[in-house]
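Student: Compact mmCIF, C-alpha atoms and all ligand atoms, file entry23.txt:
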```txt
# COMPACT_ATOMS: atom_id res chain seq x y z
CA MET A 1 0.00 0.00 0.00
CA ARG A 2 1.24 3.48 -0.81
CA LEU A 3 -0.19 6.68 0.53
CA GLN A 4 0.95 9.23 -1.98
CA PHE A 5 0.46 8.91 -5.67
CA VAL A 6 1.09 11.26 -8.54
CA PHE A 7 -0.97 11.17 -11.66
CA SER A 8 1.00 12.78 -14.42
CA GLY A 9 -0.10 12.87 -18.03
CA ALA A 10 3.45 13.23 -19.30
CA LEU A 11 4.70 10.25 -17.38
CA LEU A 12 1.98 8.07 -18.83
CA LEU A 13 4.04 8.10 -21.99
CA ALA A 14 7.00 6.58 -20.20
CA PRO A 15 6.01 2.92 -20.72
CA ALA A 16 6.11 3.30 -24.48
CA ILE A 17 9.82 4.11 -24.54
CA ALA A 18 12.68 1.96 -23.34
CA SER A 19 14.45 4.80 -21.58
CA LEU A 20 13.17 7.46 -19.19
CA TYR A 21 15.23 10.27 -20.68
CA GLY A 22 16.25 8.84 -24.07
CA GLU A 23 19.91 8.67 -23.07
CA SER A 24 22.48 7.28 -25.48
CA ASN A 25 24.28 4.12 -24.41
CA VAL A 26 27.77 5.67 -24.44
CA ASN A 27 29.73 8.16 -22.35
CA HIS A 28 28.46 7.19 -18.89
CA THR A 29 31.79 7.05 -17.12
CA CYS A 30 30.51 8.11 -13.72
CA LEU A 31 33.88 8.94 -12.25
CA PHE A 32 33.71 12.15 -14.31
CA SER A 33 30.46 13.10 -12.59
CA LYS A 34 30.55 15.72 -9.85
CA PRO A 35 29.48 14.38 -6.46
CA LEU A 36 25.87 15.38 -5.98
CA LEU A 37 23.30 14.37 -3.43
CA SER A 38 20.12 13.15 -5.11
CA CYS A 39 17.31 15.71 -4.79
CA SER A 40 19.80 18.55 -4.15
CA PRO A 41 19.39 21.66 -6.36
CA HIS A 42 21.75 20.63 -9.18
CA ALA A 43 20.71 16.97 -9.29
CA ILE A 44 18.40 17.53 -12.24
CA PRO A 45 18.41 15.80 -15.64
CA SER A 46 19.43 18.89 -17.60
CA GLU A 47 22.62 19.34 -15.54
CA VAL A 48 23.93 15.83 -14.90
CA ASP A 49 24.43 12.44 -16.48
CA THR A 50 21.22 10.75 -15.37
CA CYS A 51 22.99 7.40 -15.43
CA CYS A 52 25.40 8.67 -12.77
CA VAL A 53 23.11 10.73 -10.53
CA GLU A 54 19.65 9.46 -9.68
CA THR A 55 17.33 12.08 -11.09
CA PHE A 56 14.04 10.28 -11.68
CA GLY A 57 13.51 8.81 -8.24
CA GLY A 58 16.02 10.53 -5.99
CA LEU A 59 14.26 9.75 -2.71
CA LEU A 60 14.99 6.10 -1.94
CA LEU A 61 12.82 3.95 0.28
CA GLN A 62 14.25 0.75 1.64
CA THR A 63 11.13 -1.11 2.64
CA GLN A 64 10.95 -4.13 4.95
CA ILE A 65 8.18 -6.50 5.98
CA TRP A 66 7.30 -8.38 9.13
CA SER A 67 4.79 -11.18 8.62
CA SER A 68 4.06 -14.26 10.68
CA TYR A 69 3.64 -16.80 7.87
CA THR A 70 4.02 -17.05 4.08
CA GLY A 71 1.24 -19.42 3.04
CA PHE A 72 3.85 -21.31 0.98
CA GLU A 73 5.51 -23.20 3.84
CA SER A 74 4.76 -26.56 2.20
CA GLU A 75 7.01 -25.47 -0.67
CA GLY A 76 9.83 -24.52 1.68
CA GLN A 77 9.10 -20.78 1.49
CA VAL A 78 9.69 -19.78 5.09
CA LEU A 79 10.76 -16.63 6.94
CA PRO A 80 14.29 -15.95 8.25
CA LYS A 81 14.76 -16.31 12.01
CA ASN A 82 15.75 -13.08 13.78
CA SER A 83 15.31 -10.96 10.67
CA TRP A 84 12.75 -8.89 8.87
CA THR A 85 12.42 -9.49 5.13
CA VAL A 86 13.08 -7.27 2.13
CA HIS A 87 10.13 -5.64 0.45
CA GLY A 88 12.04 -3.51 -2.02
CA LEU A 89 14.04 -0.38 -2.83
CA TRP A 90 11.70 2.24 -4.22
CA PRO A 91 12.54 5.41 -6.15
CA ASP A 92 10.14 8.11 -5.00
CA PHE A 93 10.23 11.58 -6.50
CA CYS A 94 11.94 14.13 -4.27
CA ASN A 95 8.52 15.44 -3.18
CA GLY A 96 7.35 12.00 -2.04
CA SER A 97 5.03 11.14 -4.94
CA TYR A 98 5.98 8.38 -7.35
CA THR A 99 5.33 6.56 -10.61
CA GLN A 100 5.24 2.85 -11.35
CA TYR A 101 5.72 0.37 -14.22
CA CYS A 102 7.82 2.96 -16.06
CA ASP A 103 9.09 0.63 -18.81
CA LEU A 104 6.66 -1.96 -20.10
CA ASN A 105 9.46 -3.47 -22.19
CA ARG A 106 10.77 -4.75 -18.87
CA GLN A 107 7.50 -6.05 -17.45
CA TYR A 108 8.23 -9.27 -15.49
CA ASP A 109 5.34 -9.08 -12.98
CA PRO A 110 2.88 -12.01 -13.38
CA ALA A 111 0.23 -10.17 -11.35
CA PRO A 112 0.53 -6.41 -11.92
CA SER A 113 -0.83 -4.37 -9.03
CA PRO A 114 -2.27 -1.98 -9.90
CA ASN A 115 -3.14 -3.33 -13.33
CA THR A 116 -2.76 0.03 -15.06
CA THR A 117 0.18 2.43 -14.89
CA ASN A 118 -1.81 5.07 -12.99
CA GLY A 119 -4.05 2.70 -11.04
CA LEU A 120 -7.13 4.12 -12.79
CA PRO A 121 -9.31 2.59 -15.53
CA ASN A 122 -7.97 5.16 -18.03
CA GLY A 123 -4.29 4.29 -17.44
CA THR A 124 -2.11 2.20 -19.74
CA VAL A 125 -2.80 -1.49 -19.07
CA VAL A 126 0.12 -3.39 -17.54
CA PRO A 127 -0.03 -6.84 -19.18
CA PRO A 128 0.60 -9.80 -16.83
CA TYR A 129 4.00 -11.41 -17.49
CA THR A 130 3.90 -15.03 -18.63
CA GLY A 131 7.57 -15.72 -19.47
CA PRO A 132 10.19 -17.63 -17.47
CA GLY A 133 10.48 -16.58 -13.82
CA ILE A 134 12.88 -13.80 -12.97
CA SER A 135 15.13 -16.19 -11.06
CA THR A 136 16.18 -17.62 -14.45
CA PHE A 137 17.65 -14.16 -15.24
CA VAL A 138 19.82 -14.39 -12.14
CA GLU A 139 20.82 -18.00 -12.87
CA ALA A 140 21.96 -16.98 -16.34
CA PHE A 141 24.61 -14.81 -14.66
CA GLY A 142 25.68 -17.75 -12.50
CA LYS A 143 24.60 -15.97 -9.32
CA PHE A 144 23.21 -18.92 -7.39
CA ASP A 145 24.52 -17.40 -4.15
CA LEU A 146 22.45 -14.29 -4.81
CA LEU A 147 19.35 -16.40 -5.41
CA ALA A 148 19.97 -18.35 -2.22
CA TRP A 149 20.19 -15.08 -0.27
CA MET A 150 17.01 -13.79 -1.87
CA ASN A 151 15.13 -16.99 -1.10
CA LYS A 152 16.18 -16.61 2.51
CA TYR A 153 15.62 -12.87 3.08
CA TRP A 154 13.47 -11.58 0.18
CA VAL A 155 10.53 -13.77 1.02
CA SER A 156 7.00 -13.22 -0.18
CA SER A 157 3.90 -13.82 1.88
CA GLY A 158 1.03 -14.86 -0.33
CA SER A 159 2.86 -15.46 -3.62
CA PRO A 160 5.90 -17.38 -4.87
CA ASN A 161 9.12 -15.47 -4.13
CA GLN A 162 10.12 -14.90 -7.71
CA ASP A 163 6.73 -13.46 -8.65
CA PHE A 164 7.29 -10.90 -5.89
CA TRP A 165 10.80 -10.11 -7.15
CA GLY A 166 9.44 -9.60 -10.68
CA HIS A 167 6.79 -7.29 -9.22
CA GLU A 168 9.35 -5.22 -7.33
CA PHE A 169 11.63 -4.90 -10.31
CA SER A 170 9.01 -3.96 -12.89
CA LYS A 171 6.79 -1.79 -10.72
CA HIS A 172 9.59 0.16 -9.04
CA ALA A 173 13.09 -0.39 -10.42
CA THR A 174 12.12 0.50 -13.99
CA CYS A 175 11.50 4.02 -12.66
CA TYR A 176 15.16 4.69 -11.70
CA SER A 177 17.23 6.74 -14.13
CA THR A 178 20.41 4.92 -13.04
CA PHE A 179 19.05 1.42 -13.76
CA ASP A 180 17.97 2.44 -17.25
CA VAL A 181 19.24 0.07 -19.94
CA PRO A 182 21.35 2.65 -21.87
CA CYS A 183 23.38 3.27 -18.70
CA TYR A 184 24.89 -0.20 -19.11
CA GLY A 185 26.62 0.68 -22.37
CA PRO A 186 26.89 -0.99 -25.79
CA GLN A 187 27.98 -4.32 -24.26
CA TYR A 188 24.79 -4.54 -22.18
CA LYS A 189 23.74 -8.10 -21.50
CA GLU A 190 20.00 -8.62 -21.25
CA HIS A 191 18.78 -8.51 -17.60
CA GLU A 192 22.11 -7.24 -16.31
CA GLU A 193 20.34 -4.33 -14.62
CA VAL A 194 17.89 -6.74 -12.95
CA VAL A 195 20.75 -8.48 -11.16
CA ASP A 196 22.34 -5.12 -10.41
CA PHE A 197 19.09 -3.90 -8.87
CA PHE A 198 18.71 -6.97 -6.66
CA GLU A 199 22.26 -6.58 -5.38
CA THR A 200 21.67 -2.89 -4.73
CA ALA A 201 18.47 -3.54 -2.80
CA ILE A 202 20.40 -5.99 -0.61
CA LYS A 203 23.11 -3.40 0.16
CA TYR A 204 20.46 -0.99 1.39
CA PHE A 205 18.57 -3.65 3.35
CA GLU A 206 21.74 -4.51 5.23
CA LYS A 207 22.07 -0.94 6.47
CA TYR A 208 18.86 -1.33 8.44
CA PRO A 209 18.90 -4.36 10.79
CA THR A 210 15.39 -3.72 12.11
CA PHE A 211 15.11 -6.94 14.09
CA GLN A 212 18.35 -6.30 16.02
CA TRP A 213 17.64 -2.60 16.58
CA LEU A 214 14.26 -3.40 18.09
CA ALA A 215 15.56 -6.37 20.08
CA HIS A 216 18.27 -4.20 21.70
CA ALA A 217 15.48 -1.96 22.96
CA GLY A 218 13.61 -4.96 24.34
CA ILE A 219 11.08 -4.95 21.50
CA ARG A 220 10.80 -8.56 20.40
CA PRO A 221 8.03 -10.49 18.66
CA THR A 222 5.48 -11.70 21.17
CA ASN A 223 1.90 -12.85 21.15
CA VAL A 224 1.46 -11.92 24.81
CA THR A 225 1.82 -8.14 24.97
CA ALA A 226 1.81 -5.17 22.58
CA TYR A 227 4.12 -2.18 22.13
CA SER A 228 3.79 1.57 21.73
CA LEU A 229 4.28 3.03 18.27
CA SER A 230 6.43 5.81 19.75
CA ASP A 231 8.89 3.26 21.19
CA ILE A 232 9.14 1.33 17.91
CA GLN A 233 9.50 4.41 15.73
CA GLY A 234 11.78 6.22 18.19
CA THR A 235 14.15 3.26 18.39
CA LEU A 236 14.37 2.89 14.62
CA ALA A 237 14.80 6.64 14.07
CA LYS A 238 17.63 6.76 16.62
CA HIS A 239 19.54 3.96 14.86
CA SER A 240 18.81 4.83 11.23
CA GLY A 241 19.12 8.62 11.49
CA GLY A 242 15.72 9.43 9.97
CA ILE A 243 12.10 8.94 10.99
CA PRO A 244 10.92 5.85 9.09
CA TYR A 245 7.34 5.25 8.02
CA VAL A 246 5.79 2.56 10.22
CA SER A 247 2.96 0.63 8.59
CA CYS A 248 0.38 -1.50 10.36
CA THR A 249 -2.38 -3.81 9.22
CA GLY A 250 -5.06 -5.63 11.18
CA PRO A 251 -8.01 -4.35 13.19
CA ARG A 252 -8.43 -0.69 14.11
CA TYR A 253 -7.50 -0.08 17.74
CA ASN A 254 -10.97 1.18 18.73
CA THR A 255 -12.64 -1.91 17.30
CA THR A 256 -10.56 -4.17 19.58
CA GLU A 257 -11.29 -5.14 23.17
CA ALA A 258 -8.21 -3.21 24.40
CA GLY A 259 -9.19 -0.02 22.58
CA LYS A 260 -12.92 -0.02 23.27
CA GLY A 261 -14.22 3.53 23.68
CA SER A 262 -11.02 5.10 22.35
CA LEU A 263 -11.02 7.52 19.41
CA ASP A 264 -7.77 6.01 18.12
CA ASN A 265 -8.65 4.12 14.94
CA GLY A 266 -5.08 3.34 13.89
CA ALA A 267 -4.20 -0.21 12.80
CA THR A 268 -2.76 -2.58 15.38
CA VAL A 269 -0.51 -5.17 13.70
CA LEU A 270 3.05 -4.12 12.85
CA GLY A 271 3.70 -4.92 9.18
CA GLU A 272 6.27 -2.74 7.45
CA ILE A 273 9.05 -0.20 7.96
CA TRP A 274 10.07 2.21 5.19
CA TYR A 275 13.48 3.87 5.59
CA TYR A 276 14.01 7.04 3.53
CA SER A 277 17.34 8.31 2.21
CA HIS A 278 19.02 10.37 -0.48
CA VAL A 279 21.86 8.96 -2.55
CA SER A 280 25.22 10.51 -1.71
CA PHE A 281 28.95 10.01 -1.68
CA SER A 282 30.93 8.58 1.19
CA ASP A 283 33.18 11.00 3.08
CA ALA A 284 36.19 9.13 1.73
CA GLU A 285 34.96 9.59 -1.80
CA LEU A 286 34.35 13.27 -1.26
CA CYS A 287 37.94 13.66 -0.01
CA SER A 288 39.40 11.72 -2.89
CA PHE A 289 37.32 13.75 -5.31
CA LYS A 290 38.73 16.98 -3.94
CA SER A 291 42.32 15.77 -4.19
CA ALA A 292 42.15 13.80 -7.40
CA THR A 293 39.33 14.35 -9.84
CA ASP A 294 40.24 11.20 -11.74
CA SER A 295 39.78 8.99 -8.70
CA ALA A 296 37.99 5.81 -9.62
CA GLN A 297 36.24 6.11 -6.27
CA VAL A 298 34.13 9.05 -7.36
CA LYS A 299 30.63 7.84 -7.99
CA GLY A 300 27.21 8.37 -6.49
CA ARG A 301 24.60 6.06 -7.91
CA PRO A 302 22.25 3.98 -5.70
CA GLN A 303 24.33 1.03 -6.91
CA ASP A 304 27.26 2.37 -4.88
CA SER A 305 25.02 2.37 -1.77
CA HIS A 306 26.17 5.57 -0.10
CA SER A 307 23.20 7.39 1.29
CA VAL A 308 22.13 9.93 3.86
CA PRO A 309 19.04 9.23 5.91
CA THR A 310 16.07 11.53 5.83
CA ASP A 311 12.63 11.58 7.44
CA ALA A 312 9.56 10.03 5.85
CA THR A 313 7.58 12.49 3.76
CA GLY A 314 4.03 13.29 4.88
CA SER A 315 2.38 11.06 7.45
CA THR A 316 4.83 8.82 9.31
CA SER A 317 2.49 5.99 10.32
CA ASN A 318 -1.00 4.53 10.03
CA CYS A 319 -0.61 2.57 13.28
CA ALA A 320 -2.52 3.18 16.49
CA LYS A 321 -0.79 5.80 18.64
CA ALA A 322 -2.31 4.76 21.98
CA PRO A 323 0.20 3.25 24.45
CA ASN A 324 0.80 -0.48 23.97
CA ALA A 325 -1.58 -0.74 21.01
CA VAL A 326 0.73 -2.29 18.39
CA HIS A 327 1.25 -6.05 18.12
CA TYR A 328 4.60 -7.36 16.91
CA TYR A 329 3.53 -10.96 16.43
CA GLU A 330 5.68 -14.05 16.69
CA ARG A 331 5.96 -16.14 13.57
CA ALA A 332 3.66 -19.14 13.27
CA LYS A 333 5.09 -22.54 14.16
CA GLY A 334 6.97 -23.93 11.17
CA SER A 335 7.02 -20.58 9.34
CA GLU A 336 10.59 -19.63 10.11
CA LYS A 337 13.98 -21.21 9.80
C1 LIG A 401 30.77 10.80 -26.45
O1 LIG A 401 31.92 11.50 -26.18
C2 LIG A 401 32.70 11.75 -27.33
C3 LIG A 401 33.99 12.40 -26.89
O2 LIG A 401 33.68 13.56 -26.16
C4 LIG A 401 31.96 12.62 -28.30
O3 LIG A 401 32.70 12.81 -29.48
C5 LIG A 401 30.67 11.95 -28.64
O4 LIG A 401 29.91 12.82 -29.44
C6 LIG A 401 29.92 11.57 -27.41
N1 LIG A 401 28.83 10.78 -27.85
C7 LIG A 401 27.61 10.96 -27.40
C8 LIG A 401 26.57 10.05 -27.98
O5 LIG A 401 27.34 11.77 -26.58
C1 LIG A 402 6.32 15.86 -7.54
O1 LIG A 402 7.41 15.74 -8.40
C2 LIG A 402 7.10 15.17 -9.67
C3 LIG A 402 8.40 14.97 -10.44
O2 LIG A 402 9.15 16.12 -10.45
C4 LIG A 402 6.10 16.05 -10.40
O3 LIG A 402 5.78 15.43 -11.65
C5 LIG A 402 4.86 16.16 -9.55
O4 LIG A 402 3.94 17.04 -10.15
C6 LIG A 402 5.20 16.70 -8.16
N1 LIG A 402 4.02 16.59 -7.33
C7 LIG A 402 3.64 17.58 -6.53
C8 LIG A 402 2.41 17.32 -5.72
O5 LIG A 402 4.26 18.63 -6.45
C1 LIG A 403 -8.06 -3.88 -13.30
O1 LIG A 403 -8.51 -4.17 -12.01
C2 LIG A 403 -9.82 -3.66 -11.75
C3 LIG A 403 -10.10 -3.87 -10.27
O2 LIG A 403 -9.82 -5.18 -9.87
C4 LIG A 403 -10.80 -4.35 -12.67
O3 LIG A 403 -12.09 -3.87 -12.43
C5 LIG A 403 -10.39 -4.08 -14.11
O4 LIG A 403 -11.24 -4.77 -14.99
C6 LIG A 403 -8.95 -4.48 -14.37
N1 LIG A 403 -8.54 -3.97 -15.67
C7 LIG A 403 -7.85 -4.70 -16.54
C8 LIG A 403 -7.46 -4.02 -17.81
O5 LIG A 403 -7.53 -5.86 -16.33
C1 LIG A 404 -8.17 9.60 -15.95
O1 LIG A 404 -9.16 9.62 -14.96
C2 LIG A 404 -8.92 10.50 -13.89
C3 LIG A 404 -9.94 10.29 -12.78
O2 LIG A 404 -11.14 9.82 -13.28
C4 LIG A 404 -8.93 11.93 -14.42
O3 LIG A 404 -8.64 12.84 -13.36
C5 LIG A 404 -7.84 12.04 -15.47
O4 LIG A 404 -7.87 13.33 -16.05
C6 LIG A 404 -8.02 11.01 -16.57
N1 LIG A 404 -6.80 11.03 -17.39
C7 LIG A 404 -6.84 10.90 -18.73
C8 LIG A 404 -5.53 10.93 -19.43
O5 LIG A 404 -7.86 10.73 -19.32
C1 LIG A 405 -13.09 4.89 16.13
O1 LIG A 405 -12.43 6.17 15.99
C2 LIG A 405 -12.92 6.94 14.91
C3 LIG A 405 -12.00 8.16 14.70
O2 LIG A 405 -11.72 8.79 15.91
C4 LIG A 405 -14.35 7.31 15.17
O3 LIG A 405 -14.85 8.09 14.09
C5 LIG A 405 -15.16 6.02 15.27
O4 LIG A 405 -16.49 6.32 15.60
C6 LIG A 405 -14.58 5.10 16.34
N1 LIG A 405 -15.22 3.81 16.25
C7 LIG A 405 -15.57 3.12 17.32
C8 LIG A 405 -16.20 1.78 17.09
O5 LIG A 405 -15.42 3.53 18.47
C1 LIG A 406 1.29 -15.37 16.91
O1 LIG A 406 0.20 -14.65 16.39
C2 LIG A 406 0.16 -14.60 14.98
C3 LIG A 406 -0.96 -13.65 14.58
O2 LIG A 406 -2.17 -14.07 15.10
C4 LIG A 406 -0.03 -16.00 14.45
O3 LIG A 406 -0.05 -15.99 13.03
C5 LIG A 406 1.13 -16.87 14.92
O4 LIG A 406 0.90 -18.20 14.53
C6 LIG A 406 1.29 -16.80 16.42
N1 LIG A 406 2.53 -17.46 16.75
C7 LIG A 406 2.62 -18.34 17.72
C8 LIG A 406 3.96 -18.95 17.93
O5 LIG A 406 1.67 -18.65 18.39
```
What would you get if you wrote out this structure as structure tokens?

Tutor:
Amino acid sequence: MRLQFVFSGALLLAPAIASLYGESNVNHTCLFSKPLLSCSPHAIPSEVDTCCVETFGGLLLQTQIWSSYTGFESEGQVLPKNSWTVHGLWPDFCNGSYTQYCDLNRQYDPAPSPNTTNGLPNGTVVPPYTGPGISTFVEAFGKFDLLAWMNKYWVSSGSPNQDFWGHEFSKHATCYSTFDVPCYGPQYKEHEEVVDFFETAIKYFEKYPTFQWLAHAGIRPTNVTAYSLSDIQGTLAKHSGGIPYVSCTGPRYNTTEAGKGSLDNGATVLGEIWYYSHVSFSDAELCSFKSATDSAQVKGRPQDSHSVPTDATGSTSNCAKAPNAVHYYERAKGSEK
């Protein structure tokens, strides 16, 4: 679920073309790019190489899920012990709105959601993908270790893992300027950017060990008590450096026994955390850039995984705000390994 959505006539045209900005596939040597923070004043397509500075979706959201079962346990699809799971790495616009399914030539989602590019009946239809699963793309590059990691930590609840990965790639990653096909040059190998995106999402996920951060504050999954949103969000903000969006599902607090008579109608089951950041350079890279402009270290794409945290745009949670109103449920028996 997403709260903000932009409907833009111009962007509706995006799916028809293979590239967001019509870049050529040469001259993207990013070490010649000036270090720029995404969403800062000069990080705009007319002033930079859009393959080297993220200019379409410069506000990155590393999104994580907590669920208590997958529904595919009989097929070995279980949740990782002592860890949240990856949802994705989303490119929001700098103002917090976003687009989706930006390149229908790279549509690998078997169950598009929404089923049109703008989520409305008058949008461009996103055709369901029927080709070989996206894990075959990763296998073709010989990255069985990457697939094993994804099957452990990028786990879907309610669909086969690789359908979920195809969804994340096609709905979100096709909207990055830096993962655009021309950025990969004339020797581009089909699906190279898919593998690159998965690896990038992992780098960001590993910056945010939600399970451990909460556990250190005594906030552990339990089916006995519930926690306060302020404690969960405060703990994660302290560790990550920005206020993350905290998403809940489940019954509204004032429809539950505990919340009877309250005016708090926030949701009561902890489900997702969205960490916001801008893409940047590491301090070391900034130093090397100042001293040697030809340093091979100078780069600033999401792929290089340097970022600065920022606060969630707009509302920061849909969860109940009453004390001890949010359940952080234990996994079901047999649903984690
Ligand atoms: C790439 O750079 C070379 C050398 O500056 C230049 O001659 C050429 O026109 C550029 N090509 C494109 C497509 O920008
Ligand atoms: C947010 O930014 C996008 C991209 O620049 C733009 O198309 C959209 O109109 C903006 N939305 C608002 C509400 O300003
Ligand atoms: C898209 O989904 C809506 C809601 O489920 C449905 O009414 C509509 O027929 C679908 N459109 C297409 C093109 O499949
Ligand atoms: C699509 O429908 C929405 C809402 O009904 C409307 O605001 C928008 O102008 C329509 N867009 C086009 C391109 O027809
Ligand atoms: C729950 O809270 C909402 C918003 O404060 C209120 O409108 C609604 O009547 C409440 N519902 C119940 C069942 O108390
Ligand atoms: C804890 O509660 C959740 C949500 O009701 C349920 O899915 C799960 O099976 C429970 N876990 C245990 C160990 O009882």

Student: Which residues sit within 9 Å of ligand LIG 405 (chain A), counting all atoms listed in the file, listed as a short mmCIF file (atom, residue, chain, number, x, y, z; two decimals) with C-alpha atoms, in the coordinates of the input?

Tutor:
```cif
data_model
loop_
_atom_site.label_atom_id
_atom_site.label_comp_id
_atom_site.auth_asym_id
_atom_site.auth_seq_id
_atom_site.Cartn_x
_atom_site.Cartn_y
_atom_site.Cartn_z
CA ARG A 252 -8.43 -0.69 14.11
CA TYR A 253 -7.50 -0.08 17.74
CA ASN A 254 -10.97 1.18 18.73
CA THR A 255 -12.64 -1.91 17.30
CA THR A 256 -10.56 -4.17 19.58
CA GLY A 259 -9.19 -0.02 22.58
CA LYS A 260 -12.92 -0.02 23.27
CA GLY A 261 -14.22 3.53 23.68
CA SER A 262 -11.02 5.10 22.35
CA LEU A 263 -11.02 7.52 19.41
CA ASP A 264 -7.77 6.01 18.12
CA ASN A 265 -8.65 4.12 14.94
CA GLY A 266 -5.08 3.34 13.89
#
```

Student: Tell me which of A:Glu336, A:Glu272, A:Asp92, A:Asp304 sits closest to ligand LIG 406 (chain A), counting all atoms listed in the file.

Tutor: A:Glu336

Student: Env of Pro80 (chain A): 7 Å cut, atoms = only C-alpha atoms, seq-sep filter 3 positions within chain, self excluded. Answer as a list of chain:residue names.

Tutor: A:Ser83, A:Lys152, A:Tyr153, A:Glu336, A:Lys337

Student: Hey, which of A:Gly22, A:Pro323, A:Pro186, A:Gly88 ends up closest to Ile65 (chain A)? Count only C-alpha atoms.

Tutor: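 Of A:Gly22, A:Pro323, A:Pro186, A:Gly88, the one nearest Ile65 (chain A) is A:Gly88, counting only C-alpha atoms.
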
Student: Which residue, A:Ser33, A:Ala215, A:Gly123, A:Asn151, has the smallest gap to ligand LIG 403 (chain A) when you use all atoms listed in the file?

Tutor: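 With all atoms listed in the file as the atom set, the closest residue is A:Gly123.
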
Student: For Val194 (chain A), which of A:Gln212, A:Asn122, A:Ser67, A:Gln107 is the closest residue, counting only C-alpha atoms?

Tutor: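 Checking each candidate against Val194 (chain A), we get A:Gln107 as the closest.
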
Student: Hey, which residues sit close to ligand LIG 402 (chain A)? Say within 6 Å, counting only C-alpha atoms and all ligand atoms, and write them as a ChimeraX atom specification.

Tutor: /A:93,95,97

Student: At a cut-off of 10 Å around ligand LIG 401 (chain A), and using all atoms listed in the file, what residues come up? Please write them as JSON, numbers by chain.

Tutor: {"A": [23, 24, 25, 26, 27, 28]}

Student: Let me see if you get this right: every residue at most 10 Å from ligand LIG 406 (chain A), counting all atoms listed in the file, written as a list in words.

Tutor: Ser67, Ser68, Tyr69, Thr70, Pro221, Thr222, Asn223, Val224, Gly250, Val269, His327, Tyr328, Tyr329, Glu330, Arg331, Ala332, Lys333, Gly334 and Ser335 of chain A

Student: Enumerate residues in contact with ligand LIG 403 (chain A): an atom-to-atom distance of at most 8 Å, counting all atoms listed in the file. Format the result as a VMD selection string.

Tutor: chain A and resid 114 to 116 121 125 to 126

Student: Write a file of the selected residues as a PDB file, keeping the file's coordinate frame, keeping C-alpha atoms.

Tutor:
```
ATOM      1  CA  PRO A 114      -2.270  -1.980  -9.900  1.00  0.00           C
ATOM      2  CA  ASN A 115      -3.140  -3.330 -13.330  1.00  0.00           C
ATOM      3  CA  THR A 116      -2.760   0.030 -15.060  1.00  0.00           C
ATOM      4  CA  PRO A 121      -9.310   2.590 -15.530  1.00  0.00           C
ATOM      5  CA  VAL A 125      -2.800  -1.490 -19.070  1.00  0.00           C
ATOM      6  CA  VAL A 126       0.120  -3.390 -17.540  1.00  0.00           C
TER       7      VAL A 126
END
```
